[in-house]
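Okay, model36.pdb is below, PDB, C-alpha atoms:
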ATOM      1  CA  MET A1153       0.000   0.000   0.000  1.00  0.00           C
ATOM      2  CA  ASN A1154       1.191   3.531  -0.526  1.00  0.00           C
ATOM      3  CA  ASP A1155       2.551   5.413   2.474  1.00  0.00           C
ATOM      4  CA  ASN A1156      -0.486   7.737   2.736  1.00  0.00           C
ATOM      5  CA  LYS A1157      -2.869   4.922   3.588  1.00  0.00           C
ATOM      6  CA  THR A1158      -3.259   3.056   6.830  1.00  0.00           C
ATOM      7  CA  GLU A1159      -2.785  -0.674   6.509  1.00  0.00           C
ATOM      8  CA  LEU A1160      -6.106  -2.445   6.355  1.00  0.00           C
ATOM      9  CA  GLY A1161      -6.483  -5.529   8.458  1.00  0.00           C
ATOM     10  CA  CYS A1162      -9.227  -7.695   9.764  1.00  0.00           C
ATOM     11  CA  SER A1163     -10.439  -8.650  13.176  1.00  0.00           C
ATOM     12  CA  GLU A1164      -8.976 -11.566  15.091  1.00  0.00           C
ATOM     13  CA  ASP A1165     -12.313 -13.399  14.767  1.00  0.00           C
ATOM     14  CA  LEU A1166     -12.224 -13.086  10.984  1.00  0.00           C
ATOM     15  CA  TRP A1167      -8.625 -14.350  10.875  1.00  0.00           C
ATOM     16  CA  GLN A1168      -9.671 -17.391  12.881  1.00  0.00           C
ATOM     17  CA  VAL A1169     -12.567 -18.148  10.517  1.00  0.00           C
ATOM     18  CA  LEU A1170     -10.372 -17.655   7.435  1.00  0.00           C
ATOM     19  CA  ASN A1171      -7.753 -19.982   8.879  1.00  0.00           C
ATOM     20  CA  GLU A1172     -10.371 -22.649   9.599  1.00  0.00           C
ATOM     21  CA  VAL A1173     -11.704 -22.435   6.058  1.00  0.00           C
ATOM     22  CA  ASN A1174      -8.319 -22.163   4.343  1.00  0.00           C
ATOM     23  CA  LEU A1175      -6.812 -25.054   6.277  1.00  0.00           C
ATOM     24  CA  ASN A1176      -9.628 -27.257   4.922  1.00  0.00           C
ATOM     25  CA  HIS A1177     -11.090 -27.797   8.348  1.00  0.00           C
ATOM     26  CA  GLY A1178     -14.288 -26.365   6.978  1.00  0.00           C
ATOM     27  CA  LEU A1179     -17.129 -25.028   9.018  1.00  0.00           C
ATOM     28  CA  SER A1180     -20.032 -26.872  10.549  1.00  0.00           C
ATOM     29  CA  ASP A1181     -23.490 -25.931   9.277  1.00  0.00           C
ATOM     30  CA  ASP A1182     -24.008 -23.786  12.371  1.00  0.00           C
ATOM     31  CA  GLU A1183     -20.652 -22.041  11.949  1.00  0.00           C
ATOM     32  CA  PHE A1184     -21.386 -21.471   8.269  1.00  0.00           C
ATOM     33  CA  GLN A1185     -24.741 -19.882   9.132  1.00  0.00           C
ATOM     34  CA  VAL A1186     -23.116 -17.644  11.747  1.00  0.00           C
ATOM     35  CA  LEU A1187     -20.529 -16.541   9.172  1.00  0.00           C
ATOM     36  CA  GLU A1188     -23.219 -15.814   6.572  1.00  0.00           C
ATOM     37  CA  ASP A1189     -25.317 -13.892   9.113  1.00  0.00           C
ATOM     38  CA  GLU A1190     -22.310 -11.894  10.308  1.00  0.00           C
ATOM     39  CA  ALA A1191     -21.233 -11.064   6.748  1.00  0.00           C
ATOM     40  CA  ASP A1192     -24.773  -9.906   5.905  1.00  0.00           C
ATOM     41  CA  SER A1193     -25.110  -7.952   9.124  1.00  0.00           C
ATOM     42  CA  ARG A1194     -21.855  -6.056   8.639  1.00  0.00           C
ATOM     43  CA  LEU A1195     -22.636  -5.218   5.024  1.00  0.00           C
ATOM     44  CA  ASN A1196     -26.250  -4.271   5.837  1.00  0.00           C
ATOM     45  CA  VAL A1197     -25.046  -1.631   8.263  1.00  0.00           C
ATOM     46  CA  LEU A1198     -22.740  -0.163   5.645  1.00  0.00           C
ATOM     47  CA  ALA A1199     -25.253  -0.458   2.790  1.00  0.00           C
ATOM     48  CA  ARG A1200     -27.678   1.748   4.726  1.00  0.00           C
ATOM     49  CA  ARG A1201     -25.045   4.494   4.670  1.00  0.00           C
ATOM     50  CA  HIS A1202     -23.573   3.712   1.250  1.00  0.00           C
ATOM     51  CA  THR A1203     -26.317   2.636  -1.137  1.00  0.00           C
ATOM     52  CA  GLU A1204     -23.823   1.593  -3.820  1.00  0.00           C
ATOM     53  CA  LEU A1205     -22.981  -1.412  -1.615  1.00  0.00           C
ATOM     54  CA  ARG A1206     -26.493  -2.873  -1.959  1.00  0.00           C
ATOM     55  CA  GLN A1207     -25.786  -4.234  -5.439  1.00  0.00           C
ATOM     56  CA  LEU A1208     -22.490  -5.694  -4.269  1.00  0.00           C
ATOM     57  CA  GLN A1209     -24.293  -7.475  -1.452  1.00  0.00           C
ATOM     58  CA  ALA A1210     -26.856  -8.901  -3.878  1.00  0.00           C
ATOM     59  CA  ASP A1211     -24.074  -9.974  -6.244  1.00  0.00           C
ATOM     60  CA  CYS A1212     -22.193 -11.693  -3.407  1.00  0.00           C
ATOM     61  CA  ARG A1213     -25.298 -13.653  -2.480  1.00  0.00           C
ATOM     62  CA  ILE A1214     -25.780 -14.714  -6.130  1.00  0.00           C
ATOM     63  CA  LEU A1215     -22.115 -15.719  -6.412  1.00  0.00           C
ATOM     64  CA  ALA A1216     -22.293 -17.836  -3.246  1.00  0.00           C
ATOM     65  CA  GLN A1217     -25.492 -19.533  -4.386  1.00  0.00           C
ATOM     66  CA  SER A1218     -24.099 -20.167  -7.884  1.00  0.00           C
ATOM     67  CA  LEU A1219     -20.928 -21.646  -6.420  1.00  0.00           C
ATOM     68  CA  GLU A1220     -22.871 -24.040  -4.194  1.00  0.00           C
ATOM     69  CA  GLU A1221     -25.174 -25.081  -7.035  1.00  0.00           C
ATOM     70  CA  ALA A1222     -22.270 -25.638  -9.438  1.00  0.00           C
ATOM     71  CA  CYS A1223     -20.471 -27.799  -6.901  1.00  0.00           C
ATOM     72  CA  GLN A1224     -23.588 -29.886  -6.259  1.00  0.00           C
ATOM     73  CA  ARG A1225     -23.946 -30.546  -9.991  1.00  0.00           C
ATOM     74  CA  LEU A1226     -20.307 -31.685 -10.122  1.00  0.00           C
ATOM     75  CA  ASP A1227     -20.667 -34.386  -7.465  1.00  0.00           C
ATOM     76  CA  GLN A1228     -20.749 -37.177 -10.055  1.00  0.00           C
ATOM     77  CA  LEU A1229     -17.381 -36.255 -11.581  1.00  0.00           C
ATOM     78  CA  ASP A1230     -14.279 -38.326 -10.921  1.00  0.00           C
ATOM     79  CA  TYR A1231     -11.789 -37.290  -8.265  1.00  0.00           C
ATOM     80  CA  GLU A1232      -9.151 -35.880 -10.637  1.00  0.00           C
ATOM     81  CA  GLU A1233     -11.656 -33.625 -12.374  1.00  0.00           C
ATOM     82  CA  ARG A1234     -13.002 -32.395  -9.037  1.00  0.00           C
ATOM     83  CA  VAL A1235      -9.425 -31.567  -7.964  1.00  0.00           C
ATOM     84  CA  ARG A1236      -8.947 -29.499 -11.155  1.00  0.00           C
ATOM     85  CA  ILE A1237     -12.238 -27.695 -10.552  1.00  0.00           C
ATOM     86  CA  TRP A1238     -11.340 -27.078  -6.894  1.00  0.00           C
ATOM     87  CA  ASP A1239      -8.033 -25.582  -8.006  1.00  0.00           C
ATOM     88  CA  ALA A1240      -9.759 -23.346 -10.577  1.00  0.00           C
ATOM     89  CA  PHE A1241     -12.287 -22.154  -7.983  1.00  0.00           C
ATOM     90  CA  GLN A1242      -9.483 -21.420  -5.527  1.00  0.00           C
ATOM     91  CA  TYR A1243      -7.856 -19.230  -8.175  1.00  0.00           C
ATOM     92  CA  GLN A1244     -11.165 -17.413  -8.620  1.00  0.00           C
ATOM     93  CA  MET A1245     -11.316 -16.755  -4.867  1.00  0.00           C
ATOM     94  CA  ALA A1246      -7.711 -15.521  -4.875  1.00  0.00           C
ATOM     95  CA  TYR A1247      -8.582 -13.223  -7.782  1.00  0.00           C
ATOM     96  CA  LEU A1248     -11.531 -11.766  -5.840  1.00  0.00           C
ATOM     97  CA  GLN A1249      -9.317 -11.238  -2.775  1.00  0.00           C
ATOM     98  CA  ALA A1250      -6.706  -9.523  -4.939  1.00  0.00           C
ATOM     99  CA  CYS A1251      -9.428  -7.278  -6.438  1.00  0.00           C
ATOM    100  CA  LEU A1252     -10.521  -6.274  -2.944  1.00  0.00           C
ATOM    101  CA  GLN A1253      -6.989  -5.465  -1.857  1.00  0.00           C
ATOM    102  CA  ARG A1254      -6.192  -3.637  -5.074  1.00  0.00           C
ATOM    103  CA  SER A1255      -9.389  -1.582  -4.870  1.00  0.00           C
ATOM    104  CA  PHE A1256      -8.475  -0.306  -1.424  1.00  0.00           C
ATOM    105  CA  GLN A1257      -4.960   0.547  -2.579  1.00  0.00           C
ATOM    106  CA  GLN A1258      -6.205   2.897  -5.310  1.00  0.00           C
ATOM    107  CA  PRO A1259      -5.598   6.589  -4.558  1.00  0.00           C
TER     108      PRO A1259
END
Starting from the file, give its structure as structure tokens.
Amino acid sequence: MNDNKTELGCSEDLWQVLNEVNLNHGLSDDEFQVLEDEADSRLNVLARRHTELRQLQADCRILAQSLEEACQRLDQLDYEERVRIWDAFQYQMAYLQACLQRSFQQP
């Protein structure tokens, strides 16, 4: 980041959740629901003040639903193909993370 900006971080709770997910421990259904509710709650608060975030929130919900549906349709594929798809999806998630970071680095 450039020197005029404060480094952006995330809360300790979010780091813990990200580590659980990224280390393939996954989340239980209850933990997943808490994460979804927390993500919605935090963005809802901001979307009330910044209306341009409402479309982003809707798009995030569509993306999450599309991802789940695509994965369910791929259940019948062999292991090797699922590994390739998993890898491709992980790259997509990394791309989204990079977009977020890059967007906040813009002057």
Extending 8 Å beyond the listed atoms of range 1221-1240 of chain A on each side, what axis-aligned box results? I want centre and edge lengths in Å to one decimal, as lines of an AutoDock Vina configuration file.
center_x = -16.6
center_y = -30.8
center_z = -9.3
size_x = 33.1
size_y = 31.0
size_z = 22.1
Can you tell me how far CA of Gln1207 in chain A sits from CA of Asn1174 in chain A, in Å to one decimal? 26.9 Å
Would you translate the PyMOL selection byres ((chain A and resi 1217-1221) around 12) into the concrete set of residues it matches in this file, as a count of residues only? 20
Hey, can you check how far CA of Glu1204 in chain A sits from CA of Leu1252 in chain A? 15.5 Å
For the atom pair CA of Arg1236 in chain A and CA of Leu1248 in chain A, what is the interatomic distance in Å to one decimal place? 18.7 Å
